[in-house]
Each structure stands twice: as C-alpha cells, then as structure tokens.
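Asks: Sharing final-v3.cif here; it has mmCIF, C-alpha atoms.
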```cif
data_input
#
loop_
_atom_site.label_atom_id
_atom_site.label_comp_id
_atom_site.auth_asym_id
_atom_site.auth_seq_id
_atom_site.Cartn_x
_atom_site.Cartn_y
_atom_site.Cartn_z
CA MET Y 1 173.20 -161.51 201.06
CA ILE Y 2 174.09 -164.86 199.45
CA GLU Y 3 170.94 -164.67 197.32
CA GLY Y 4 172.00 -161.21 196.12
CA LEU Y 5 175.48 -162.50 195.31
CA LEU Y 6 174.05 -165.46 193.36
CA LEU Y 7 171.70 -163.17 191.44
CA ARG Y 8 174.57 -160.86 190.51
CA THR Y 9 176.72 -163.82 189.43
CA ALA Y 10 173.86 -165.10 187.27
CA LEU Y 11 173.48 -161.65 185.72
CA VAL Y 12 177.13 -161.51 184.60
CA PRO Y 13 176.80 -163.89 181.59
CA ILE Y 14 173.47 -162.27 180.64
CA ILE Y 15 175.01 -158.77 180.68
CA ALA Y 16 178.07 -160.09 178.79
CA CYS Y 17 175.93 -161.66 176.03
CA ALA Y 18 173.62 -158.61 175.87
CA GLY Y 19 176.64 -156.28 175.60
CA ILE Y 20 178.20 -158.31 172.80
CA LEU Y 21 174.94 -158.67 170.83
CA LEU Y 22 174.07 -154.99 171.27
CA GLY Y 23 177.60 -153.98 170.27
CA LEU Y 24 177.43 -156.02 167.07
CA LEU Y 25 173.94 -154.69 166.28
CA TYR Y 26 175.07 -151.07 166.69
CA ARG Y 27 178.18 -151.85 164.62
CA GLY Y 28 175.82 -153.08 161.88
CA LEU Y 29 173.76 -149.90 162.11
CA ASP Y 30 176.98 -147.90 162.00
CA ARG Y 31 178.02 -149.54 158.74
CA VAL Y 32 174.62 -149.12 157.11
CA LEU Y 33 174.31 -145.46 158.12
CA VAL Y 34 177.85 -144.55 157.09
CA ALA Y 35 177.22 -146.25 153.73
CA ARG Y 36 173.99 -144.30 153.22
CA MET Y 37 175.71 -141.02 154.15
CA GLN Y 38 178.32 -141.80 151.49
CA SER Y 39 175.62 -142.70 148.90
CA ARG Y 40 176.42 -146.41 149.06
CA VAL Y 41 174.00 -149.27 149.71
CA GLY Y 42 176.24 -150.79 152.35
CA PRO Y 43 176.07 -154.21 154.01
CA PRO Y 44 173.04 -155.58 155.88
CA VAL Y 45 172.70 -154.78 159.61
CA THR Y 46 173.64 -158.38 160.42
CA GLN Y 47 177.03 -158.09 158.64
CA PRO Y 48 179.09 -157.84 161.90
CA PHE Y 49 177.59 -161.14 163.11
CA ARG Y 50 178.64 -162.74 159.79
CA ASP Y 51 182.09 -161.16 160.11
CA VAL Y 52 182.61 -162.75 163.52
CA LYS Y 53 181.37 -166.10 162.25
CA LYS Y 54 183.74 -165.88 159.29
CA LEU Y 55 186.71 -164.90 161.49
CA LEU Y 56 186.05 -167.88 163.76
CA LEU Y 57 186.29 -170.15 160.70
CA LYS Y 58 189.60 -168.67 159.53
CA GLU Y 59 193.06 -169.91 160.50
CA ASN Y 60 194.60 -168.37 163.61
CA ILE Y 61 198.03 -167.39 162.32
CA VAL Y 62 200.79 -166.53 164.80
CA PRO Y 63 203.69 -164.81 163.01
CA ARG Y 64 207.14 -166.38 163.16
CA ASP Y 65 208.71 -163.44 165.06
CA ALA Y 66 205.81 -162.99 167.51
CA VAL Y 67 205.84 -163.57 171.26
CA GLY Y 68 203.16 -166.23 171.12
CA TRP Y 69 201.73 -166.13 174.63
CA ILE Y 70 201.30 -162.33 174.63
CA PHE Y 71 200.03 -162.32 171.04
CA ASN Y 72 197.35 -164.92 171.90
CA SER Y 73 196.35 -163.71 175.36
CA VAL Y 74 195.82 -159.96 174.84
CA PRO Y 75 192.76 -160.30 172.54
CA VAL Y 76 191.02 -162.32 175.28
CA ILE Y 77 192.01 -159.73 177.92
CA ALA Y 78 190.73 -156.91 175.68
CA LEU Y 79 187.31 -158.55 175.32
CA SER Y 80 186.96 -159.67 178.93
CA VAL Y 81 187.92 -156.28 180.41
CA THR Y 82 185.63 -154.41 178.00
CA VAL Y 83 182.72 -156.64 179.07
CA LEU Y 84 183.81 -156.26 182.70
CA ILE Y 85 183.43 -152.46 182.51
CA LEU Y 86 179.76 -152.95 181.54
CA LEU Y 87 179.17 -154.62 184.91
CA TYR Y 88 180.08 -151.38 186.70
CA LEU Y 89 177.77 -149.24 184.52
CA PRO Y 90 174.00 -148.64 184.60
CA PHE Y 91 173.48 -150.80 181.51
CA ILE Y 92 170.04 -150.90 179.75
CA GLY Y 93 168.63 -148.47 182.30
CA MET Y 94 169.28 -150.84 185.24
CA GLU Y 95 171.38 -150.41 188.37
CA PRO Y 96 174.99 -151.58 187.75
CA VAL Y 97 175.44 -155.29 188.47
CA LEU Y 98 178.53 -154.48 190.56
CA GLU Y 99 177.05 -151.35 192.18
CA GLY Y 100 178.92 -150.61 195.40
CA HIS Y 101 182.01 -152.54 194.28
CA GLY Y 102 183.67 -150.03 191.97
CA ASP Y 103 183.27 -146.42 190.91
CA LEU Y 104 183.94 -144.04 188.03
CA ILE Y 105 187.68 -143.86 188.76
CA LEU Y 106 187.92 -147.64 188.41
CA VAL Y 107 185.98 -147.47 185.13
CA ILE Y 108 188.37 -144.82 183.73
CA TYR Y 109 191.36 -146.99 184.65
CA LEU Y 110 189.72 -150.11 183.18
CA LEU Y 111 189.10 -148.22 179.92
CA LEU Y 112 192.87 -148.10 179.46
CA ILE Y 113 193.28 -151.86 179.46
CA PRO Y 114 191.72 -152.70 176.05
CA SER Y 115 193.91 -150.01 174.45
CA LEU Y 116 196.98 -151.32 176.28
CA ALA Y 117 196.08 -154.84 175.12
CA LEU Y 118 196.03 -153.54 171.56
CA VAL Y 119 199.44 -151.90 172.07
CA LEU Y 120 200.92 -155.09 173.57
CA GLY Y 121 199.41 -157.16 170.77
CA GLY Y 122 200.99 -154.85 168.20
CA PHE Y 123 204.43 -154.90 169.81
CA SER Y 124 204.33 -158.66 170.38
CA SER Y 125 203.50 -159.45 166.74
CA GLY Y 126 207.01 -158.65 165.48
CA SER Y 127 205.75 -156.56 162.57
CA THR Y 128 207.07 -153.15 161.58
CA TYR Y 129 203.58 -151.92 160.69
CA ALA Y 130 202.17 -153.19 163.99
CA THR Y 131 204.96 -151.48 165.95
CA VAL Y 132 204.21 -148.16 164.26
CA GLY Y 133 200.50 -148.70 164.94
CA ALA Y 134 201.16 -149.58 168.60
CA GLN Y 135 203.20 -146.40 169.08
CA ARG Y 136 200.40 -144.37 167.51
CA GLU Y 137 197.82 -146.07 169.75
CA MET Y 138 199.89 -145.14 172.82
CA VAL Y 139 200.19 -141.51 171.71
CA THR Y 140 196.44 -141.32 171.01
CA MET Y 141 195.68 -142.88 174.40
CA MET Y 142 197.87 -140.36 176.22
CA SER Y 143 196.26 -137.52 174.28
CA TYR Y 144 192.60 -138.15 175.15
CA GLU Y 145 193.08 -139.22 178.77
CA PHE Y 146 193.37 -135.70 180.20
CA PRO Y 147 190.16 -134.24 178.66
CA LEU Y 148 188.35 -137.46 179.64
CA ALA Y 149 189.56 -137.13 183.24
CA VAL Y 150 188.60 -133.43 183.40
CA ALA Y 151 185.06 -134.17 182.16
CA SER Y 152 184.57 -137.09 184.58
CA VAL Y 153 186.02 -135.40 187.66
CA SER Y 154 184.02 -132.21 186.98
CA ILE Y 155 180.75 -134.18 187.07
CA ALA Y 156 181.76 -135.84 190.36
CA TRP Y 157 182.71 -132.43 191.77
CA ILE Y 158 179.31 -130.93 190.91
CA ILE Y 159 177.51 -133.88 192.50
CA SER Y 160 179.64 -133.83 195.66
CA ALA Y 161 179.09 -130.07 196.03
CA ALA Y 162 175.31 -130.43 195.60
CA ASN Y 163 175.05 -133.53 197.83
CA PRO Y 164 177.65 -133.34 200.64
CA GLY Y 165 178.63 -136.72 202.06
CA ILE Y 166 177.64 -138.66 198.95
CA ALA Y 167 180.10 -141.06 197.23
CA ALA Y 168 180.53 -138.65 194.31
CA PHE Y 169 182.32 -141.09 191.99
CA SER Y 170 179.65 -143.77 192.37
CA LEU Y 171 177.99 -144.28 188.99
CA GLY Y 172 174.74 -145.12 190.72
CA ALA Y 173 174.89 -141.80 192.64
CA ILE Y 174 175.77 -139.89 189.44
CA ALA Y 175 172.81 -141.48 187.63
CA MET Y 176 170.46 -140.70 190.54
CA ASN Y 177 171.59 -137.05 190.81
CA PRO Y 178 171.85 -135.52 187.33
CA ALA Y 179 174.52 -132.79 187.28
CA TRP Y 180 172.35 -130.53 185.07
CA ALA Y 181 169.91 -130.02 187.96
CA ALA Y 182 172.67 -128.90 190.34
CA VAL Y 183 174.07 -125.94 188.37
CA GLY Y 184 172.99 -122.49 187.15
CA PRO Y 185 173.16 -121.00 183.62
CA LEU Y 186 176.98 -120.78 183.55
CA GLY Y 187 177.26 -124.32 184.84
CA LEU Y 188 174.84 -125.53 182.16
CA LEU Y 189 177.09 -124.01 179.51
CA GLY Y 190 180.11 -125.64 181.21
CA LEU Y 191 178.37 -129.02 181.25
CA ALA Y 192 177.48 -128.67 177.56
CA LEU Y 193 181.19 -128.12 176.83
CA LEU Y 194 182.12 -131.19 178.89
CA LEU Y 195 179.53 -133.25 176.98
CA LEU Y 196 181.11 -132.01 173.76
CA THR Y 197 184.52 -133.10 175.11
CA MET Y 198 183.24 -136.58 175.95
CA LEU Y 199 181.72 -136.94 172.47
CA ALA Y 200 185.07 -135.88 170.98
CA VAL Y 201 186.92 -138.44 173.12
CA MET Y 202 184.62 -141.25 171.91
CA PRO Y 203 186.05 -141.70 168.38
CA GLY Y 204 189.59 -141.64 169.82
CA GLU Y 205 188.74 -144.33 172.36
CA LEU Y 206 187.00 -146.38 169.68
CA GLY Y 207 189.81 -145.91 167.18
CA VAL Y 208 187.46 -144.81 164.39
CA ALA Y 209 187.99 -142.07 161.81
CA PRO Y 210 189.28 -139.42 162.04
CA PHE Y 211 191.29 -140.89 164.94
CA ASP Y 212 192.00 -144.33 163.43
CA VAL Y 213 195.70 -143.59 163.01
CA ALA Y 214 196.71 -146.77 164.87
CA GLU Y 215 195.13 -148.97 162.20
CA ALA Y 216 195.11 -146.72 159.12
CA GLU Y 217 194.60 -149.48 156.52
CA THR Y 218 195.61 -147.37 153.52
CA GLU Y 219 198.75 -146.12 155.25
CA ILE Y 220 200.15 -148.83 157.54
CA ALA Y 221 198.07 -151.78 156.34
CA GLY Y 222 196.00 -152.21 159.50
CA GLY Y 223 198.77 -151.17 161.96
CA VAL Y 224 198.38 -152.89 165.33
CA LEU Y 225 196.08 -155.53 163.87
CA VAL Y 226 198.06 -156.27 160.69
CA GLU Y 227 199.23 -159.70 161.88
CA TYR Y 228 196.00 -160.72 163.60
CA SER Y 229 193.63 -163.18 161.99
CA GLY Y 230 191.03 -165.80 162.82
CA ARG Y 231 189.74 -166.11 166.37
CA ASN Y 232 192.26 -163.63 167.81
CA LEU Y 233 191.02 -160.94 165.43
CA ALA Y 234 187.44 -161.94 166.28
CA MET Y 235 188.18 -161.21 169.96
CA PHE Y 236 189.45 -157.71 169.12
CA TYR Y 237 186.44 -157.20 166.81
CA LEU Y 238 184.03 -158.12 169.60
CA ALA Y 239 185.93 -155.98 172.12
CA ASP Y 240 185.64 -153.00 169.76
CA ALA Y 241 181.90 -153.55 169.35
CA VAL Y 242 181.32 -153.79 173.12
CA LYS Y 243 183.53 -150.75 173.72
CA ALA Y 244 181.14 -148.58 171.70
CA VAL Y 245 178.33 -149.66 174.04
CA VAL Y 246 180.56 -149.07 177.08
CA LEU Y 247 181.51 -145.54 176.03
CA GLY Y 248 177.94 -144.69 175.06
CA THR Y 249 176.75 -145.94 178.45
CA ILE Y 250 179.38 -143.84 180.27
CA VAL Y 251 178.22 -140.70 178.41
CA ILE Y 252 174.60 -141.57 179.24
CA ALA Y 253 175.41 -142.21 182.92
CA LEU Y 254 177.32 -138.93 183.26
CA PHE Y 255 175.26 -136.58 181.11
CA LEU Y 256 171.90 -138.16 180.18
CA PRO Y 257 170.92 -140.35 183.14
CA TRP Y 258 167.17 -139.74 183.11
CA GLY Y 259 164.57 -142.47 182.64
CA ILE Y 260 161.25 -142.00 180.89
CA ALA Y 261 158.98 -144.19 183.03
CA GLY Y 262 158.53 -141.52 185.75
CA SER Y 263 157.46 -138.88 183.21
CA LEU Y 264 154.96 -141.28 181.65
CA GLY Y 265 153.60 -142.38 185.04
CA ILE Y 266 154.39 -146.05 184.37
CA THR Y 267 155.27 -148.49 187.15
CA GLY Y 268 156.35 -152.12 187.53
CA MET Y 269 157.74 -154.19 184.67
CA ALA Y 270 156.33 -151.74 182.10
CA ALA Y 271 158.51 -149.03 183.67
CA VAL Y 272 161.62 -151.25 183.40
CA ALA Y 273 160.82 -151.98 179.74
CA ALA Y 274 160.15 -148.29 178.96
CA ASP Y 275 163.45 -147.22 180.59
CA ALA Y 276 165.32 -149.98 178.73
CA ILE Y 277 163.91 -148.83 175.36
CA PHE Y 278 164.67 -145.20 176.25
CA TYR Y 279 168.25 -146.23 177.11
CA LEU Y 280 168.64 -147.94 173.71
CA VAL Y 281 167.42 -144.77 171.96
CA LYS Y 282 169.84 -142.61 173.97
CA LEU Y 283 172.66 -145.05 173.24
CA PHE Y 284 171.93 -144.87 169.52
CA ILE Y 285 171.93 -141.04 169.59
CA VAL Y 286 175.21 -140.92 171.53
CA ILE Y 287 176.93 -143.46 169.26
CA PHE Y 288 175.55 -141.68 166.18
CA VAL Y 289 176.89 -138.27 167.24
CA GLY Y 290 180.11 -139.50 168.88
CA SER Y 291 181.13 -142.07 166.31
CA ILE Y 292 178.98 -142.68 163.22
CA PHE Y 293 178.51 -139.08 162.08
CA ILE Y 294 182.10 -138.04 162.82
CA ARG Y 295 183.44 -141.16 161.07
CA ALA Y 296 181.43 -140.42 157.94
CA ALA Y 297 182.10 -136.68 157.92
CA ILE Y 298 185.84 -136.34 158.56
CA ALA Y 299 188.81 -138.00 156.87
CA ARG Y 300 191.64 -139.52 158.90
CA PHE Y 301 193.91 -137.13 160.80
CA ARG Y 302 197.67 -137.41 160.88
CA ILE Y 303 199.09 -138.46 164.27
CA THR Y 304 200.28 -134.88 164.94
CA GLN Y 305 196.77 -133.61 164.25
CA VAL Y 306 195.33 -136.19 166.67
CA VAL Y 307 197.63 -134.94 169.42
CA LYS Y 308 196.79 -131.32 168.61
CA ALA Y 309 193.05 -132.08 168.58
CA TYR Y 310 193.12 -133.71 172.02
CA TRP Y 311 195.92 -131.93 173.89
CA GLY Y 312 195.00 -128.62 172.27
CA TYR Y 313 191.32 -128.20 171.41
CA ALA Y 314 189.65 -130.90 173.56
CA THR Y 315 191.74 -129.99 176.63
CA PHE Y 316 190.97 -126.28 176.13
CA VAL Y 317 187.22 -126.95 175.77
CA SER Y 318 187.18 -129.23 178.84
CA LEU Y 319 189.11 -126.72 180.98
CA LEU Y 320 186.82 -123.92 179.78
CA GLY Y 321 183.85 -126.06 180.83
CA LEU Y 322 185.44 -126.63 184.24
CA LEU Y 323 186.12 -122.89 184.59
CA LEU Y 324 182.48 -122.04 183.83
CA ILE Y 325 181.32 -124.60 186.37
CA SER Y 326 183.70 -123.11 188.97
CA LEU Y 327 182.38 -119.60 188.27
CA ASP Y 328 178.83 -120.90 188.57
CA MET Y 329 179.60 -122.42 191.96
CA LEU Y 330 181.35 -119.24 193.13
CA SER Y 331 178.39 -117.08 192.04
CA ARG Y 332 176.11 -119.30 194.12
CA LEU Y 333 178.31 -118.92 197.20
CA LEU Y 334 178.47 -115.11 196.95
CA MET F 1 183.80 -157.67 206.26
CA ASN F 2 183.04 -156.60 202.68
CA HIS F 3 186.65 -156.15 201.43
CA VAL F 4 185.91 -152.76 199.83
CA LEU F 5 188.71 -150.18 199.67
CA VAL F 6 187.12 -146.83 200.55
CA THR F 7 188.56 -143.34 200.06
CA ASN F 8 186.82 -140.03 200.76
CA ALA F 9 185.14 -140.05 197.35
CA GLY F 10 185.58 -143.48 195.80
CA TYR F 11 185.61 -147.19 196.48
CA TRP F 12 186.77 -150.45 194.94
CA SER F 13 186.43 -154.10 195.84
CA PRO F 14 189.41 -156.00 194.35
CA LEU F 15 188.05 -159.44 195.27
CA VAL F 16 184.78 -158.84 193.45
CA TRP F 17 186.78 -157.43 190.54
CA VAL F 18 188.90 -160.59 190.32
CA ALA F 19 185.82 -162.85 190.58
CA ALA F 20 183.94 -160.91 187.88
CA PHE F 21 187.07 -160.85 185.68
CA ALA F 22 187.36 -164.64 186.00
CA ILE F 23 183.74 -165.11 184.87
CA VAL F 24 183.96 -162.77 181.86
CA THR F 25 187.34 -164.25 180.88
CA ALA F 26 185.74 -167.71 180.92
CA ILE F 27 183.01 -166.37 178.59
CA ALA F 28 185.63 -164.81 176.27
CA LEU F 29 187.62 -168.07 176.22
CA LEU F 30 184.43 -170.00 175.46
CA ILE F 31 183.78 -167.79 172.42
CA ARG F 32 187.43 -168.12 171.38
CA SER F 33 187.31 -171.90 171.69
CA ARG F 34 184.57 -171.95 169.02
CA GLY F 35 187.09 -170.67 166.48
CA GLU F 36 189.59 -172.50 164.26
CA LYS F 37 192.58 -173.38 166.45
CA GLY F 38 195.51 -174.01 164.17
CA CYS F 39 197.16 -172.91 160.95
CA ARG F 40 199.54 -174.38 158.38
CA HIS F 41 202.97 -174.07 159.95
CA GLY F 42 206.18 -173.46 158.04
CA THR F 43 204.46 -171.64 155.18
CA GLU F 44 204.92 -168.05 154.02
CA GLN F 45 201.78 -166.96 155.82
CA SER F 46 203.66 -166.96 159.14
CA LEU F 47 206.20 -164.39 157.86
CA PRO F 48 205.62 -160.78 158.98
CA PHE F 49 203.66 -158.76 156.42
CA PHE F 50 205.88 -156.21 154.68
CA SER F 51 203.85 -155.25 151.59
CA GLY F 52 205.80 -157.72 149.46
CA ASN F 53 209.11 -155.90 150.09
CA GLU F 54 212.26 -157.29 151.60
CA PRO F 55 212.63 -156.20 155.26
CA THR F 56 215.41 -153.58 155.41
CA ALA F 57 216.96 -154.36 158.80
CA GLY F 58 216.35 -158.09 159.03
CA ASN F 59 213.68 -159.49 161.28
CA ILE F 60 214.01 -158.47 164.92
CA HIS F 61 212.08 -160.84 167.18
CA ALA F 62 209.17 -159.20 169.00
CA SER F 63 210.59 -160.23 172.41
CA ASN F 64 213.33 -157.67 171.79
CA LEU F 65 210.85 -154.89 172.47
CA TYR F 66 213.47 -152.31 173.46
CA TRP F 67 215.80 -153.00 170.55
CA GLY F 68 215.75 -149.30 169.62
CA PHE F 69 216.83 -148.22 173.11
CA VAL F 70 219.46 -150.95 173.37
CA HIS F 71 220.86 -150.01 169.97
CA GLY F 72 220.75 -146.24 170.61
CA LEU F 73 222.30 -146.43 174.08
CA ALA F 74 224.86 -149.12 173.26
CA ARG F 75 227.89 -147.04 174.37
CA HIS F 76 226.25 -146.23 177.70
CA TYR F 77 225.43 -149.90 178.32
CA ARG F 78 228.99 -150.96 177.42
CA LEU F 79 230.28 -148.55 180.07
CA LEU F 80 227.89 -149.94 182.66
CA ALA F 81 228.72 -153.53 181.74
CA ARG F 82 232.44 -152.81 182.17
CA ALA F 83 231.81 -151.39 185.66
CA HIS F 84 230.05 -154.61 186.70
CA SER F 85 233.13 -156.82 186.83
CA GLY F 86 231.70 -159.32 189.33
CA VAL F 87 234.70 -158.81 191.68
CA VAL F 88 233.58 -157.88 195.23
CA ASN F 89 236.63 -155.66 195.76
CA ASP F 90 235.58 -153.46 192.81
CA TYR F 91 232.10 -152.96 194.25
CA ALA F 92 233.56 -152.19 197.71
CA PHE F 93 235.93 -149.68 196.11
CA SER F 94 232.97 -148.01 194.35
CA LEU F 95 231.12 -147.77 197.67
CA VAL F 96 234.13 -146.17 199.39
CA VAL F 97 234.52 -143.64 196.56
CA LEU F 98 230.78 -142.84 196.73
CA ALA F 99 230.97 -142.46 200.55
CA VAL F 100 233.94 -140.08 200.23
CA VAL F 101 232.12 -137.96 197.65
CA LEU F 102 229.00 -137.81 199.82
CA MET F 103 231.01 -136.91 202.95
CA ALA F 104 232.82 -134.19 201.05
CA ALA F 105 229.50 -132.83 199.78
CA LEU F 106 228.04 -132.85 203.30
CA ILE F 107 231.10 -131.14 204.82
CA VAL F 108 231.29 -128.50 202.11
CA GLY F 109 227.50 -127.98 202.26
CA GLY F 110 227.58 -127.71 206.07
CA MET F 111 230.38 -125.14 206.06
CA ALA F 112 228.66 -122.97 203.44
#
```
What does this structure look like when you write it as structure tokens?
Replies:
Amino acid sequence: MIEGLLLRTALVPIIACAGILLGLLYRGLDRVLVARMQSRVGPPVTQPFRDVKKLLLKENIVPRDAVGWIFNSVPVIALSVTVLILLYLPFIGMEPVLEGHGDLILVIYLLLIPSLALVLGGFSSGSTYATVGAQREMVTMMSYEFPLAVASVSIAWIISAANPGIAAFSLGAIAMNPAWAAVGPLGLLGLALLLLTMLAVMPGELGVAPFDVAEAETEIAGGVLVEYSGRNLAMFYLADAVKAVVLGTIVIALFLPWGIAGSLGITGMAAVAADAIFYLVKLFIVIFVGSIFIRAAIARFRITQVVKAYWGYATFVSLLGLLLISLDMLSRLL
Amino acid sequence: MNHVLVTNAGYWSPLVWVAAFAIVTAIALLIRSRGEKGCRHGTEQSLPFFSGNEPTAGNIHASNLYWGFVHGLARHYRLLARAHSGVVNDYAFSLVVLAVVLMAALIVGGMA
C-alpha cells in the first residue's frame, strides 16, 4: 500500500509537467490553425512557450487599489487546481492517478475553482474593466453549469442502469463501461446530443470566442485580466492551457473512452504507447471541434447572447438528449 | 481506515485531495518563483488602467467589493444602524415586542 502511495506521489509532478507542456503545445497548434483558417501565417507552434518565458521576465505589477494578497494568490490557485483535476482523470490513456479518491462530481466542482479564481482576481484588482469582466465571467459560469451537469449526470445514469451496484460517477468506471454500448438507437441519438452539449460548453469554460466576453480585448481591454502582468499573468496563461487539456480529457472519458491497443491486438508497453498516442489524437480532435474551429468560425457574442446560448439552446439540447435516453430506457423495460 | 467519504453513487477523499493540492501548489509556486518578483513602485504603471481617461467616480479600493450594494441600500443600513444602539435595554425591549407579536400570531392562528 505504501509503495502504491509513493508511486502515485511520484506521478503527481510528472502528470503536472506533462499537462502543462501538452497544454502549451495544443495552444500553439490552436494559434497556428486559427491563423491558417483566417489566411494568416500565424506564429510558430512554440509561441506559447515563448510567451510564458517572456511573461516571467516582465515586471509583476500590483495595482494601487488592489487587494494584494488575493490578487497575487488566485493565479497560483487557478493553476494548481487545474493541474489537480488532471490527477482525477484518465490522462494519456492511463488510469487516473487518484483513482478511487474522487469522482466525476468532485471534478465538476473543481472545474468551478479556476473560473472563481479569475472572478476574484478581477474584483480584487480594483479596476472598472476587471469588475465588468468578473461579472461577465460569473454570468457565463452560471449559464453553462446546468447543461454541463445534465450531460455528466446522464452518462452516470446510463452506466448505473446498465451496471447495477457500480460506482457510477467513478471516472475509471465510466471509461471502462462506454455509455454508447449500453443504449439503443434512441439513446445513441440522445448521447450524440449530450456530446454536442459538452462540445458547446468547452469554449465557455475555456473563455475563448465566441464566449470570451469576460476578457473581450476590443471592448473592455482584457476585462478580468486587464491589470495582470508578469508572473501572475503567466500563471493564468498556464492554467488556461492546462484547462483545455482537462476539458478535452473529460469529454474523452465520458464519450470517447476506447483504447486502440485491444483492436490492434497489441500488449505490454507497446499497448500503453499505442493508447497514449490514440489519446493524443482524440484530444486534438476534441479541442479542434470544441475550441479551435468554433473560435475561428464565430465572432464574439454579447453577454446576453451567451446566456441565451447556454440557458436556452444548450439546456434545451441537453434536456432533449436526456429525454431520448429516458425513452430508450423505458422502451427496453417494456 | 481509508478516509473516503462514500455516498450511494460517489466518493471523495478530502485528505488525499489536500495532500495532492499541496504538491501541485508547490509546483505552481516553483514556476512562479522563476518569474520577475518586483516592479517600480510609485510610478504611473500602478494606477488602474482606464484607457487614458479620468476615472468618473474616483478610485474605489478593491477591498470595498460590495460598494454598489452599500451605496444602493444606504437608507436601509442607516435604519438598521440606528436600531443597534448598544444599550441592553433596547435589545430586551425589541425581544419583548417580538415575543408579543409572535404570541399574538399564535393565538390568532390557533383560534382560526
């Protein structure tokens, strides 16, 4: 037991570094692809690494009217909690490092903390723009939580119905028992709608266009982050990069949990490597659809449109998905 | 004893959470410590950014987070502040009045 504990403790820094590096790499790909879609050359893939290096060299300015200890501490909390979520997820095709110590409900709650850190950072900076941005971030957060909860709970419900007695919210259990295999045609349609909902929630969670109302550079000059600079801004930058990996991994764990090694008949270390590469491909596809493509294709919404998109359309689609899954389950009982 | 809170469907181990949080926070602080620590104090760069305009309502310190509520509900707060005189007899009187009102409500409700 102690050996297992030591191994898990040793894995934490490795997962943290891997999450940060992968996040920055995907951020680089994001910038290149968006540039190409907009007929621009764009920066090199390594640009996010340079950005972080540059930010760490810049002065760390704390505004005169700020509450210093909150202003300085929330960027660290945002990064550490975002990395912490990765430890509860099946990252790079492996079993979660903290498997058995926290479930999907915990992950959904933890997802709130980086956004709350951003809100607190905005309010504590004593800037009018940041206050407006913080209020917008709160409204956005409240808007996408319900469709996110409906999608997550529906998956757990399907798995608990198909496997009575199982810990339905365990991410390991969800990854081992794909929901698609436990439903009929109506349920498949319902699951497709829930996947669509999750992909729609992703840009809101990540604060990218068209849901980047909290920052909105051309409108409120960077909003919540307007007063941040130097190493504090670098922390938020890294947290954002890791959050894309976190959200992509959640979508993969809930909707696309399959490995490829079994299908190819590979075993041992080769199987681990094959599943890891397959995970990276799935992660790229999820981030591309849920963030990169949407960001390049749609201009920024107004805050009222963000609320309407989540409380109206995304909630409707998620509830419709849940209804179809319920009908599928009823048709199986009759 | 594994210190895991278990419900019918979910589970959470707060101790492991705290331990893991401490490790990742140490990593985050390590990265942060690699950055530039200070800035030039007393210069214009520490003023809140306002697009080059003069702030309209003066600078309200960020610690006054609920300034809008305090300002909007000022009359209500003045009323409450006046009621809190600090004299024990006033509080006892308020309690007696409240008790009478409650008794009256109970009696009237019971008779109805």
Asks: Identify the residues within 10 Å of coordinate (175.3, -159.7, 168.0) (same frame as the file), considering only C-alpha atoms, and give the answer as a tab-separated table (two decimals) with C-alpha atoms, in the coordinates of the input.
Replies:
```tsv
chain	number	residue	atom	x	y	z
Y	17	CYS	CA	175.93	-161.66	176.03
Y	18	ALA	CA	173.62	-158.61	175.87
Y	19	GLY	CA	176.64	-156.28	175.60
Y	20	ILE	CA	178.20	-158.31	172.80
Y	21	LEU	CA	174.94	-158.67	170.83
Y	22	LEU	CA	174.07	-154.99	171.27
Y	23	GLY	CA	177.60	-153.98	170.27
Y	24	LEU	CA	177.43	-156.02	167.07
Y	25	LEU	CA	173.94	-154.69	166.28
Y	26	TYR	CA	175.07	-151.07	166.69
Y	27	ARG	CA	178.18	-151.85	164.62
Y	28	GLY	CA	175.82	-153.08	161.88
Y	46	THR	CA	173.64	-158.38	160.42
Y	47	GLN	CA	177.03	-158.09	158.64
Y	48	PRO	CA	179.09	-157.84	161.90
Y	49	PHE	CA	177.59	-161.14	163.11
Y	50	ARG	CA	178.64	-162.74	159.79
Y	52	VAL	CA	182.61	-162.75	163.52
Y	238	LEU	CA	184.03	-158.12	169.60
Y	241	ALA	CA	181.90	-153.55	169.35
Y	242	VAL	CA	181.32	-153.79	173.12
```
Asks: Show me, as a ChimeraX atom specification, every residue of chain Y with an atom at most 9 Å from chain F, counting only C-alpha atoms.
Replies: /Y:9,12-13,16-17,53,55-67,76-77,79-81,83-84,87,98,100-106,123-129,156,160,165-170,221,226-227,230-232,234-235
Asks: Apply the PyMOL selection byres ((chain Y and resi 31) around 9) to the structure shown and report the selected residues as JSON, numbers by chain.
Replies: {"Y": [26, 27, 28, 29, 30, 32, 33, 34, 35, 36, 42, 43, 44, 45, 47, 48, 292]}
Asks: Give as a PyMOL selection string the residues that the PyMOL selection byres ((chain Y and resi 139-150) around 7) matches when applied to the coordinates above.
Replies: chain Y and resi 135-138+151-154+197-198+201+204+306-307+310-311+314-315+318
Asks: For the atom pair CA of Ile70 (chain Y) and CA of Leu118 (chain Y), what is the interatomic distance in Å to one decimal place?
Replies: 10.7 Å
Asks: Measuring between all atoms listed in the file, which one of Y:Arg295, Y:Arg302, Y:Lys282, Y:Lys308 shows the shortest distance to Gly207 (chain Y)?
Replies: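 Smallest distance to Gly207 (chain Y) is found for Y:Arg295.
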Asks: Write out as a list in words which residues come within 12 Å of Ala271 (chain Y) when counting only C-alpha atoms, dropping same-chain ones fewer than 6 positions away.
Replies: Gly93, Met94, Gly259, Ile260, Ala261, Gly262, Ser263, Leu264, Gly265, Ile277 and Phe278 of chain Y
Asks: Can you measure CA of Ile325 (chain Y) to CA of Leu196 (chain Y) for me? One decimal in Å is fine.
Replies: 14.6 Å
Asks: Record the distance separating CA of Arg40 (chain Y) and CA of Ala296 (chain Y), expressed in Å with one decimal.
Replies: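 Straight-line distance from CA of Arg40 (chain Y) to CA of Ala296 (chain Y) works out to 11.8 Å.
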Asks: Could you list, as a PDB file with C-alpha atoms, in the coordinates of the input, every residue within 7 Å of Ile174 (chain Y), counting all atoms listed in the file and ignoring same-chain residues fewer than 6 positions away?
Replies:
```pdb
ATOM      1  CA  ILE Y 159     177.510-133.880 192.500  1.00  0.00           C
ATOM      2  CA  ALA Y 168     180.530-138.650 194.310  1.00  0.00           C
ATOM      3  CA  ALA Y 253     175.410-142.210 182.920  1.00  0.00           C
ATOM      4  CA  LEU Y 254     177.320-138.930 183.260  1.00  0.00           C
TER       5      LEU Y 254
END
```
Asks: Assuming 3 Å of padding per side, give the centre and edge lengths of the axis-aligned box around every listed atom of region 160-170 of chain Y, in Å to one decimal and as lines of an AutoDock Vina configuration file.
Replies:
```
center_x = 178.7
center_y = -136.9
center_z = 197.0
size_x = 13.3
size_y = 19.7
size_z = 16.1
```
